[in-house]
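Asker: One structure follows; several queries about it will come next.
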Amino acid sequence: MKALVLSGGAGTRLRPLTHTSAKQLVPVANKPVLFYGLEAIADAGITEVGIIVGDTADEITQAVGDGSKFGLAVTYIPQSAPLGLAHAVLIAREFLADDDFVMYLGDNFIVGGISDLVDAFRAQRPAAQILLTKVSDPQQFGVAEFGPDGRIVGLEEKPEHPKSDLALVGVYLFTDAVHEAVRAIKPSWRGELEITHALQWLIDQDRDVRSTTISGYWKDTGNVGDMLEVNRSVLEHAEPRIEGDVDDASEIIGRVRIDEGARVTGSRIVGPAVIGAGSVITGSYVGPFTSIAPDCRITDSEIEFSIVLDGSSVRGARRVEASIIGRNVEVTPAPRIPAAHRLILGDHSKVQISS
């Protein structure tokens with residue numbers, strides 16, 4: 001069994017971060033989202049992985065390399081434009097050959113991994129297996145429709161009037177039957193080859209398409225709110241560990257990880273939180289659900305429920321929360337602007353000015 005990981009796409013909902021960085025490499029608890037997916041694939045016993053790359057190919061290849069650090073053998077498959085998930089399957093035909101495979105969206109996050117799902121698929125081998133989860137806003141997702149017998153009968157991409165609240169999670173399992181399906185469908189109104197259309201083709205051909213509804217944690221980390229929420233979820237399970245230097249004037253409370261080479265002086269860190277290697281926290285408060293990446297500087301500031309990326313500094317900030325701060329950013333107080341009154345007064349005027 002192989003894996004196909006999608007790491008193209010422009011990441012428009014995470015701009016301006018994704019103007020200069022791949023959305024799959026934005027870190028959660030100081031580790032890129034993509035890495036969690038690759039680790040889950042390796043844990044499921046899959047070793048051959050094809051990664052679909054687009055405009056950010058150089059950054060993805062530099063971060064992942066040949067895959068050996070994950071116990072994987074990685075093949076990179078260029079996609080000229082984000083033309084749909086089914087298009088990714090189409091262009092990966094040579095790599096996939098006739099093998100079963102799991103398709104994993106590189107910006108998705110699933111707590112607990114995919115090992116059980118892969119094991120069940122290997123044992124039963126339906127034409128396709130999809131994951132579903134209940135969502136409050138199904139119009140934003142691919143949505144499933146079920147027949148009276150509980151079997152899936154239809155899929156619709158971002159419907160105006162959803163027929164259920166069960167949305168497709170960004171992990172799919174296929175036999176080689178899907179290759180005929182992606183060749184048979186036409187581009188949607190968006191100009192993309194939709195995987196929901198390929199799945200619908202399989203259903204219409206009476207192929208065995210099964211679904212599993214997951215109750216565990218899943219997020220598409222495509223926007224700032226979801227990214228911060230995933231960071232919160234991961235930090236809640238982080239192992240507390242103090243490997244850096246913490247002076248006697250500092251206070252460490254709760255589940256806090258301070259990596260080797262980090263320094264904390266005269267500060268209060270309340271977990272869950274992580275401070276990356278080489279970062280320096282001075283005279284500051286770092287609150288719950290905050291990830292400070294390596295080589296950052298937090299000075300005379302308060303920050304919580306936030307993600308700070310490599311090499312950035314926050315100085316003299318009274319309060320920062322629910323924020324994502326990119327790489328090599330400087331946050332400082334705005335200079336004071338002298339207050340002034342500009343007056344044009346006629347003769348014999350009387351004016352009162354409050355200071």
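Labeling convention for the structure tokens: chains A, B, ... as they appear, residues from 1 per chain, ligands from 1 in order of appearance.
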Between segment 18-67 of chain A and segment 231-241 of chain A, at 12 Å or less, what are the per-residue closest atom pairs and their distances in Å? Count only C-alpha atoms, order by chain and rising residue number, and return it as CSV.
Answerer:
```
residue,atom,partner,partner_atom,distance
A:Val26,CA,A:Asn231,CA,10.6
A:Pro27,CA,A:Asn231,CA,8.4
A:Val28,CA,A:Asn231,CA,4.9
A:Ala29,CA,A:Asn231,CA,5.7
A:Asn30,CA,A:Asn231,CA,8.9
A:Lys31,CA,A:Asn231,CA,9.8
A:Pro32,CA,A:Asn231,CA,10.7
A:Val33,CA,A:Asn231,CA,9.6
A:Tyr36,CA,A:Val234,CA,10.5
```
Asker: Taking C-alpha atoms for each residue, export the selection above as a compact mmCIF listing (two decimals), in the first residue's frame.
Answerer:
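Result went into part26.txt, see below:
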```txt
# COMPACT_ATOMS: atom_id res chain seq x y z
CA VAL A 26 3.12 26.31 9.27
CA PRO A 27 4.07 24.76 12.63
CA VAL A 28 1.76 23.36 15.29
CA ALA A 29 3.51 22.98 18.66
CA ASN A 30 6.72 23.85 16.76
CA LYS A 31 6.33 21.06 14.17
CA PRO A 32 4.94 21.55 10.65
CA VAL A 33 1.39 20.27 10.14
CA TYR A 36 2.12 14.98 11.64
```
Asker: Show which residues sit within 8 Å of segment 333-346 of chain A, as a ChimeraX atom specification. Count only C-alpha atoms, and ignore same-chain residues fewer than 5 positions away.
Answerer: /A:315-317
Asker: Kindly export the residues of the current selection with N, CA, C and O atoms, as a PDB file, in the first residue's frame.
Answerer:
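New file part.pdb:
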```
ATOM      1  N   ARG A 315       8.606  42.754  21.706  1.00  0.00           N
ATOM      2  CA  ARG A 315       9.172  43.581  22.779  1.00  0.00           C
ATOM      3  C   ARG A 315       8.178  44.650  23.200  1.00  0.00           C
ATOM      4  O   ARG A 315       7.630  45.366  22.367  1.00  0.00           O
ATOM      5  N   GLY A 316       7.956  44.735  24.513  1.00  0.00           N
ATOM      6  CA  GLY A 316       7.136  45.810  25.042  1.00  0.00           C
ATOM      7  C   GLY A 316       5.686  45.763  24.617  1.00  0.00           C
ATOM      8  O   GLY A 316       5.021  46.794  24.583  1.00  0.00           O
ATOM      9  N   ALA A 317       5.194  44.568  24.311  1.00  0.00           N
ATOM     10  CA  ALA A 317       3.790  44.429  23.902  1.00  0.00           C
ATOM     11  C   ALA A 317       2.950  44.116  25.132  1.00  0.00           C
ATOM     12  O   ALA A 317       3.165  43.094  25.784  1.00  0.00           O
TER      13      ALA A 317
END
```
Asker: Can you measure atom CA of Phe174 of chain A to atom CA of Ser68 of chain A for me? One decimal in Å is fine.
Answerer: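 Taking atom CA of Phe174 of chain A and atom CA of Ser68 of chain A, their separation equals 24.9 Å.
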Asker: I'd like the neighbourhood of Ser7 of chain A as a list in words, where a residue qualifies if any of its atoms comes within 7 Å (using only C-alpha atoms), though same-chain residues fewer than 4 positions away should be ignored.
Answerer: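 Neighbouring residues, sequence-local ones excluded: Gln24, Ile51, Ile52, Val53 and Gly106 of chain A.
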Asker: Keeping only C-alpha atoms, write the selected residues as a PDB file, in the first residue's frame.
Answerer:
```pdb
ATOM      1  CA  GLN A  24       1.542  22.688   5.120  1.00  0.00           C
ATOM      2  CA  ILE A  51       3.916  14.071  -2.465  1.00  0.00           C
ATOM      3  CA  ILE A  52       2.014  16.354  -4.840  1.00  0.00           C
ATOM      4  CA  VAL A  53       3.796  19.735  -4.950  1.00  0.00           C
ATOM      5  CA  GLY A 106      -1.173  17.651   3.892  1.00  0.00           C
TER       6      GLY A 106
END
```
Asker: Just checking: using only C-alpha atoms, which residue out of A:Val182, A:Ile130, A:Val102, A:Val153 ends up closest to Val89 of chain A?
Answerer: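 Comparing A:Val182, A:Ile130, A:Val102, A:Val153 against Val89 of chain A, the winner is A:Val182.
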Asker: Which residue is closest to Met227 of chain A? Choose from A:Asn108, A:Ser80, A:Ser354, A:Ser349 and count only C-alpha atoms.
Answerer: A:Asn108
Asker: Determine the nearest neighbour of Ala273 of chain A from the options A:Gly261, A:Gly54, A:Gly311, A:Gly254, counting only C-alpha atoms.
Answerer: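 Ranked by minimum distance to Ala273 of chain A, first place goes to A:Gly254.
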Asker: I'd like to know which of A:Pro294, A:Gly266, A:Gly154, A:Gly244 is closest to Ile203 of chain A, using only C-alpha atoms.
Answerer: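 Going through A:Pro294, A:Gly266, A:Gly154, A:Gly244 one by one, the smallest distance to Ile203 of chain A is for A:Gly154.
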Asker: What parts of segment 73-150 of chain A does DSSP call helix (DSSP H, G or I)? I'd like the answer as a list of chain:residue names.
Answerer: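 So, restricting segment 73-150 of chain A to helix (DSSP H, G or I), we get A:Leu85, A:Ala86, A:His87, A:Ala88, A:Val89, A:Leu90, A:Ile91, A:Arg93, A:Glu94, A:Phe95, A:Leu96, A:Ser115, A:Asp116, A:Leu117, A:Val118, A:Asp119, A:Ala120, A:Phe121, A:Arg122, A:Ala123, A:Gln124, A:Pro138, A:Gln139, A:Gln140.
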Asker: Could you save the residues just selected, with N, CA and C atoms, as a short mmCIF file (atom, residue, chain, number, x, y, z; two decimals), in the first residue's frame?
Answerer:
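out.cif written:
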```cif
data_model
loop_
_atom_site.label_atom_id
_atom_site.label_comp_id
_atom_site.auth_asym_id
_atom_site.auth_seq_id
_atom_site.Cartn_x
_atom_site.Cartn_y
_atom_site.Cartn_z
N LEU A 85 -8.50 17.45 -6.35
CA LEU A 85 -7.94 16.24 -5.74
C LEU A 85 -7.92 15.08 -6.73
N ALA A 86 -8.96 14.96 -7.55
CA ALA A 86 -8.98 13.88 -8.53
C ALA A 86 -7.89 14.07 -9.57
N HIS A 87 -7.56 15.32 -9.88
CA HIS A 87 -6.47 15.59 -10.80
C HIS A 87 -5.15 15.11 -10.21
N ALA A 88 -4.98 15.26 -8.90
CA ALA A 88 -3.77 14.77 -8.24
C ALA A 88 -3.63 13.26 -8.41
N VAL A 89 -4.74 12.54 -8.28
CA VAL A 89 -4.72 11.08 -8.50
C VAL A 89 -4.36 10.78 -9.95
N LEU A 90 -4.91 11.58 -10.86
CA LEU A 90 -4.67 11.37 -12.29
C LEU A 90 -3.19 11.49 -12.62
N ILE A 91 -2.53 12.54 -12.12
CA ILE A 91 -1.13 12.75 -12.48
C ILE A 91 -0.18 11.85 -11.70
N ARG A 93 -0.60 8.62 -11.46
CA ARG A 93 -0.89 7.25 -11.93
C ARG A 93 0.35 6.39 -12.02
N GLU A 94 1.42 6.94 -12.56
CA GLU A 94 2.65 6.14 -12.73
C GLU A 94 3.21 5.73 -11.37
N PHE A 95 3.22 6.66 -10.42
CA PHE A 95 3.73 6.33 -9.09
C PHE A 95 2.83 5.31 -8.38
N LEU A 96 1.52 5.47 -8.48
CA LEU A 96 0.60 4.60 -7.75
C LEU A 96 0.51 3.21 -8.37
N SER A 115 -3.87 4.41 11.54
CA SER A 115 -3.46 3.00 11.52
C SER A 115 -4.66 2.05 11.51
N ASP A 116 -5.66 2.28 12.37
CA ASP A 116 -6.82 1.40 12.43
C ASP A 116 -7.60 1.43 11.13
N LEU A 117 -7.72 2.61 10.55
CA LEU A 117 -8.42 2.76 9.28
C LEU A 117 -7.72 1.99 8.17
N VAL A 118 -6.41 2.11 8.11
CA VAL A 118 -5.63 1.41 7.08
C VAL A 118 -5.72 -0.10 7.26
N ASP A 119 -5.64 -0.57 8.50
CA ASP A 119 -5.73 -2.01 8.76
C ASP A 119 -7.08 -2.56 8.31
N ALA A 120 -8.16 -1.83 8.60
CA ALA A 120 -9.50 -2.29 8.19
C ALA A 120 -9.64 -2.30 6.68
N PHE A 121 -9.08 -1.31 6.02
CA PHE A 121 -9.15 -1.25 4.56
C PHE A 121 -8.37 -2.41 3.94
N ARG A 122 -7.21 -2.69 4.48
CA ARG A 122 -6.41 -3.80 3.95
C ARG A 122 -7.16 -5.13 4.06
N ALA A 123 -7.93 -5.28 5.14
CA ALA A 123 -8.65 -6.54 5.35
C ALA A 123 -9.88 -6.66 4.46
N GLN A 124 -10.57 -5.55 4.19
CA GLN A 124 -11.86 -5.61 3.49
C GLN A 124 -11.78 -5.17 2.02
N PRO A 138 -21.69 22.61 7.08
CA PRO A 138 -21.42 21.67 5.98
C PRO A 138 -21.31 22.32 4.61
N GLN A 139 -21.82 23.56 4.46
CA GLN A 139 -21.71 24.23 3.15
C GLN A 139 -20.26 24.45 2.73
N GLN A 140 -19.34 24.35 3.68
CA GLN A 140 -17.93 24.60 3.38
C GLN A 140 -17.16 23.34 2.99
#
```
Asker: Determine, counting only C-alpha atoms, which protein, DNA and RNA residues have an atom within 12 Å of an atom of Val64 of chain A; residues of the same chain fewer than 2 positions away are not included. Present the result as a ChimeraX atom specification.
Answerer: /A:5,7,24-25,32-39,49-51,53,57-62,66-76
Asker: From segment 60-262 of chain A, collect each residue whose DSSP state is strand (DSSP E) and return the set as a CSV table (one decimal) with N, CA, C and O atoms, in the first residue's frame.
Answerer:
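Output saved as out-v4.csv:
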```
chain,number,residue,atom,x,y,z
A,73,ALA,N,10.1,6.5,2.0
A,73,ALA,CA,10.7,6.8,0.7
A,73,ALA,C,9.8,7.7,-0.1
A,73,ALA,O,8.7,7.3,-0.5
A,74,VAL,N,10.2,8.9,-0.4
A,74,VAL,CA,9.3,10.0,-0.9
A,74,VAL,C,9.7,10.2,-2.4
A,74,VAL,O,10.8,10.3,-2.8
A,75,THR,N,8.6,10.3,-3.2
A,75,THR,CA,8.7,10.7,-4.6
A,75,THR,C,7.9,12.0,-4.7
A,75,THR,O,6.7,12.0,-4.3
A,76,TYR,N,8.5,13.0,-5.4
A,76,TYR,CA,7.8,14.2,-5.6
A,76,TYR,C,7.1,14.3,-6.9
A,76,TYR,O,7.7,13.9,-8.0
A,77,ILE,N,5.8,14.7,-7.0
A,77,ILE,CA,5.0,14.7,-8.2
A,77,ILE,C,4.5,16.1,-8.4
A,77,ILE,O,3.7,16.6,-7.7
A,78,PRO,N,5.1,16.9,-9.4
A,78,PRO,CA,4.7,18.3,-9.6
A,78,PRO,C,3.3,18.4,-10.2
A,78,PRO,O,2.9,17.6,-11.1
A,101,PHE,N,-4.0,2.6,-2.1
A,101,PHE,CA,-3.3,3.8,-1.5
A,101,PHE,C,-4.2,4.6,-0.6
A,101,PHE,O,-5.5,4.6,-0.8
A,102,VAL,N,-3.6,5.3,0.3
A,102,VAL,CA,-4.3,6.3,1.1
A,102,VAL,C,-4.0,7.7,0.5
A,102,VAL,O,-2.8,8.0,0.3
A,103,MET,N,-5.0,8.5,0.4
A,103,MET,CA,-4.7,9.9,-0.1
A,103,MET,C,-4.9,10.8,1.2
A,103,MET,O,-6.0,10.8,1.8
A,104,TYR,N,-3.9,11.6,1.5
A,104,TYR,CA,-3.9,12.4,2.7
A,104,TYR,C,-3.7,13.9,2.4
A,104,TYR,O,-2.7,14.2,1.8
A,105,LEU,N,-4.6,14.7,2.8
A,105,LEU,CA,-4.4,16.2,2.5
A,105,LEU,C,-3.4,16.7,3.6
A,105,LEU,O,-3.6,16.6,4.8
A,108,ASN,N,-4.3,18.7,6.8
A,108,ASN,CA,-5.3,18.2,7.7
A,108,ASN,C,-4.6,17.6,8.9
A,108,ASN,O,-3.5,17.1,8.8
A,109,PHE,N,-5.4,17.6,10.0
A,109,PHE,CA,-4.8,17.1,11.2
A,109,PHE,C,-5.9,16.2,11.9
A,109,PHE,O,-7.0,16.6,12.1
A,110,ILE,N,-5.5,14.9,12.2
A,110,ILE,CA,-6.3,13.9,12.8
A,110,ILE,C,-5.6,13.4,14.1
A,110,ILE,O,-4.6,12.8,14.0
A,128,ALA,N,-13.5,2.1,-2.4
A,128,ALA,CA,-13.1,3.3,-1.7
A,128,ALA,C,-13.6,3.4,-0.3
A,128,ALA,O,-14.7,2.8,0.0
A,129,GLN,N,-12.8,4.0,0.6
A,129,GLN,CA,-13.3,4.2,2.0
A,129,GLN,C,-13.0,5.7,2.3
A,129,GLN,O,-12.0,6.2,2.1
A,130,ILE,N,-14.1,6.3,2.8
A,130,ILE,CA,-14.0,7.7,3.1
A,130,ILE,C,-14.2,7.9,4.6
A,130,ILE,O,-14.9,7.1,5.3
A,131,LEU,N,-13.7,9.0,5.1
A,131,LEU,CA,-13.9,9.4,6.5
A,131,LEU,C,-14.9,10.6,6.6
A,131,LEU,O,-14.8,11.5,5.7
A,132,LEU,N,-15.8,10.6,7.5
A,132,LEU,CA,-16.7,11.6,7.7
A,132,LEU,C,-16.7,12.1,9.1
A,132,LEU,O,-16.4,11.4,10.0
A,133,THR,N,-17.1,13.4,9.3
A,133,THR,CA,-17.2,13.9,10.7
A,133,THR,C,-18.4,14.9,10.7
A,133,THR,O,-18.6,15.6,9.6
A,134,LYS,N,-19.0,15.1,11.8
A,134,LYS,CA,-20.1,16.1,11.9
A,134,LYS,C,-19.5,17.5,12.0
A,134,LYS,O,-18.6,17.7,12.7
A,142,GLY,N,-17.2,18.9,1.4
A,142,GLY,CA,-17.9,17.9,0.6
A,142,GLY,C,-18.8,17.2,1.6
A,142,GLY,O,-18.4,16.8,2.7
A,143,VAL,N,-20.1,17.0,1.3
A,143,VAL,CA,-21.1,16.4,2.2
A,143,VAL,C,-21.7,15.1,1.7
A,143,VAL,O,-21.9,15.0,0.5
A,144,ALA,N,-21.9,14.2,2.6
A,144,ALA,CA,-22.4,12.9,2.2
A,144,ALA,C,-23.9,12.8,2.4
A,144,ALA,O,-24.5,13.4,3.3
A,145,GLU,N,-24.5,12.0,1.5
A,145,GLU,CA,-26.0,11.7,1.6
A,145,GLU,C,-26.1,10.2,1.7
A,145,GLU,O,-25.4,9.4,1.1
A,146,PHE,N,-27.1,9.7,2.6
A,146,PHE,CA,-27.2,8.3,2.9
A,146,PHE,C,-28.6,7.8,2.5
A,146,PHE,O,-29.6,8.6,2.5
A,152,ILE,N,-23.9,4.9,1.8
A,152,ILE,CA,-23.7,6.2,1.2
A,152,ILE,C,-24.2,6.2,-0.3
A,152,ILE,O,-23.9,5.2,-1.0
A,153,VAL,N,-25.0,7.2,-0.6
A,153,VAL,CA,-25.6,7.2,-2.0
A,153,VAL,C,-25.2,8.4,-2.8
A,153,VAL,O,-25.4,8.4,-4.0
A,154,GLY,N,-24.7,9.4,-2.1
A,154,GLY,CA,-24.3,10.6,-2.8
A,154,GLY,C,-23.3,11.5,-2.1
A,154,GLY,O,-23.2,11.4,-0.9
A,155,LEU,N,-22.6,12.3,-2.9
A,155,LEU,CA,-21.6,13.2,-2.3
A,155,LEU,C,-21.7,14.5,-3.1
A,155,LEU,O,-21.9,14.5,-4.3
A,156,GLU,N,-21.7,15.6,-2.4
A,156,GLU,CA,-21.8,16.9,-3.0
A,156,GLU,C,-20.8,17.9,-2.5
A,156,GLU,O,-20.6,17.9,-1.3
A,157,GLU,N,-20.1,18.6,-3.4
A,157,GLU,CA,-19.1,19.5,-3.0
A,157,GLU,C,-19.6,20.9,-2.6
A,157,GLU,O,-20.3,21.5,-3.5
A,166,LEU,N,-22.7,15.6,7.7
A,166,LEU,CA,-21.5,14.8,7.7
A,166,LEU,C,-20.6,15.2,6.6
A,166,LEU,O,-21.0,15.1,5.4
A,167,ALA,N,-19.4,15.7,6.9
A,167,ALA,CA,-18.5,16.2,5.9
A,167,ALA,C,-17.3,15.3,5.7
A,167,ALA,O,-16.9,14.6,6.6
A,168,LEU,N,-16.8,15.3,4.5
A,168,LEU,CA,-15.6,14.5,4.2
A,168,LEU,C,-14.4,15.0,4.9
A,168,LEU,O,-14.0,16.2,4.8
A,169,VAL,N,-13.7,14.2,5.6
A,169,VAL,CA,-12.4,14.5,6.2
A,169,VAL,C,-11.3,14.2,5.1
A,169,VAL,O,-11.5,13.4,4.2
A,170,GLY,N,-10.2,14.9,5.2
A,170,GLY,CA,-9.2,14.9,4.2
A,170,GLY,C,-8.3,13.7,4.1
A,170,GLY,O,-7.1,13.8,3.9
A,171,VAL,N,-8.9,12.5,4.3
A,171,VAL,CA,-8.2,11.2,4.2
A,171,VAL,C,-9.1,10.2,3.5
A,171,VAL,O,-10.2,10.0,3.9
A,172,TYR,N,-8.6,9.6,2.4
A,172,TYR,CA,-9.4,8.7,1.6
A,172,TYR,C,-8.5,7.5,1.3
A,172,TYR,O,-7.3,7.6,1.2
A,173,LEU,N,-9.2,6.3,1.2
A,173,LEU,CA,-8.5,5.1,0.8
A,173,LEU,C,-9.1,4.5,-0.5
A,173,LEU,O,-10.3,4.5,-0.6
A,174,PHE,N,-8.2,4.1,-1.4
A,174,PHE,CA,-8.7,3.6,-2.7
A,174,PHE,C,-8.0,2.3,-3.1
A,174,PHE,O,-6.8,2.1,-2.8
A,209,VAL,N,-18.4,1.6,-2.0
A,209,VAL,CA,-17.8,2.8,-1.4
A,209,VAL,C,-18.3,2.8,0.0
A,209,VAL,O,-19.6,2.9,0.2
A,210,ARG,N,-17.4,2.8,1.0
A,210,ARG,CA,-17.8,2.8,2.4
A,210,ARG,C,-17.4,4.0,3.1
A,210,ARG,O,-16.5,4.7,2.6
A,211,SER,N,-18.1,4.3,4.2
A,211,SER,CA,-17.7,5.4,5.0
A,211,SER,C,-17.5,5.1,6.5
A,211,SER,O,-18.2,4.1,7.0
A,212,THR,N,-16.7,5.8,7.1
A,212,THR,CA,-16.5,5.7,8.6
A,212,THR,C,-16.6,7.1,9.2
A,212,THR,O,-16.0,8.0,8.8
A,213,THR,N,-17.5,7.2,10.2
A,213,THR,CA,-17.7,8.5,10.9
A,213,THR,C,-16.8,8.5,12.1
A,213,THR,O,-16.9,7.6,12.9
A,218,TRP,N,-10.5,16.3,14.4
A,218,TRP,CA,-10.1,16.5,13.1
A,218,TRP,C,-10.2,18.0,12.8
A,218,TRP,O,-11.1,18.7,13.2
A,219,LYS,N,-9.2,18.5,12.1
A,219,LYS,CA,-9.2,19.9,11.6
A,219,LYS,C,-8.6,20.0,10.3
A,219,LYS,O,-7.5,19.4,10.0
A,220,ASP,N,-9.2,20.9,9.4
A,220,ASP,CA,-8.5,21.4,8.2
A,220,ASP,C,-7.9,22.7,8.6
A,220,ASP,O,-8.6,23.6,9.0
A,241,ARG,N,8.7,19.2,29.9
A,241,ARG,CA,10.1,18.9,29.9
A,241,ARG,C,10.9,20.3,30.0
A,241,ARG,O,10.6,21.1,29.2
A,242,ILE,N,11.8,20.4,30.9
A,242,ILE,CA,12.6,21.6,31.0
A,242,ILE,C,14.0,21.2,30.7
A,242,ILE,O,14.7,20.6,31.5
A,245,ASP,N,17.4,26.8,30.2
A,245,ASP,CA,17.8,27.4,31.5
A,245,ASP,C,16.6,28.3,32.0
A,245,ASP,O,16.1,29.1,31.2
A,246,VAL,N,16.3,28.1,33.2
A,246,VAL,CA,15.2,28.9,33.9
A,246,VAL,C,15.8,29.5,35.2
A,246,VAL,O,16.2,28.7,36.0
A,251,GLU,N,8.8,31.6,37.0
A,251,GLU,CA,7.8,30.7,37.5
A,251,GLU,C,7.3,29.8,36.3
A,251,GLU,O,6.8,30.4,35.3
A,252,ILE,N,7.3,28.5,36.5
A,252,ILE,CA,6.8,27.6,35.4
A,252,ILE,C,5.7,26.9,36.0
A,252,ILE,O,5.8,26.2,37.0
A,253,ILE,N,4.5,27.0,35.4
A,253,ILE,CA,3.3,26.4,35.9
A,253,ILE,C,2.6,25.5,34.8
A,253,ILE,O,2.4,25.9,33.7
A,256,VAL,N,4.6,22.5,30.5
A,256,VAL,CA,5.5,23.4,29.8
A,256,VAL,C,6.7,22.6,29.3
A,256,VAL,O,7.3,21.9,30.0
A,257,ARG,N,7.0,22.9,28.0
A,257,ARG,CA,8.2,22.3,27.4
A,257,ARG,C,9.2,23.4,27.1
A,257,ARG,O,8.8,24.3,26.3
A,258,ILE,N,10.4,23.4,27.6
A,258,ILE,CA,11.4,24.4,27.3
A,258,ILE,C,12.6,23.6,26.7
A,258,ILE,O,13.2,22.9,27.4
```
Asker: Separation of atom CA of Ile307 of chain A and atom CA of Val224 of chain A, in Å?
Answerer: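 Interatomic distance, atom CA of Ile307 of chain A to atom CA of Val224 of chain A: 10.0 Å.
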Asker: Write out as a list in words each polymer residue whose atoms come within 7 Å of Asp259 of chain A, counting only C-alpha atoms; drop sequence neighbours fewer than 3 positions from it.
Answerer: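 My reading of the contact set: Ile242, Glu243, Gly244, Ala262, Ile275, Gly276 and Ala277 of chain A.
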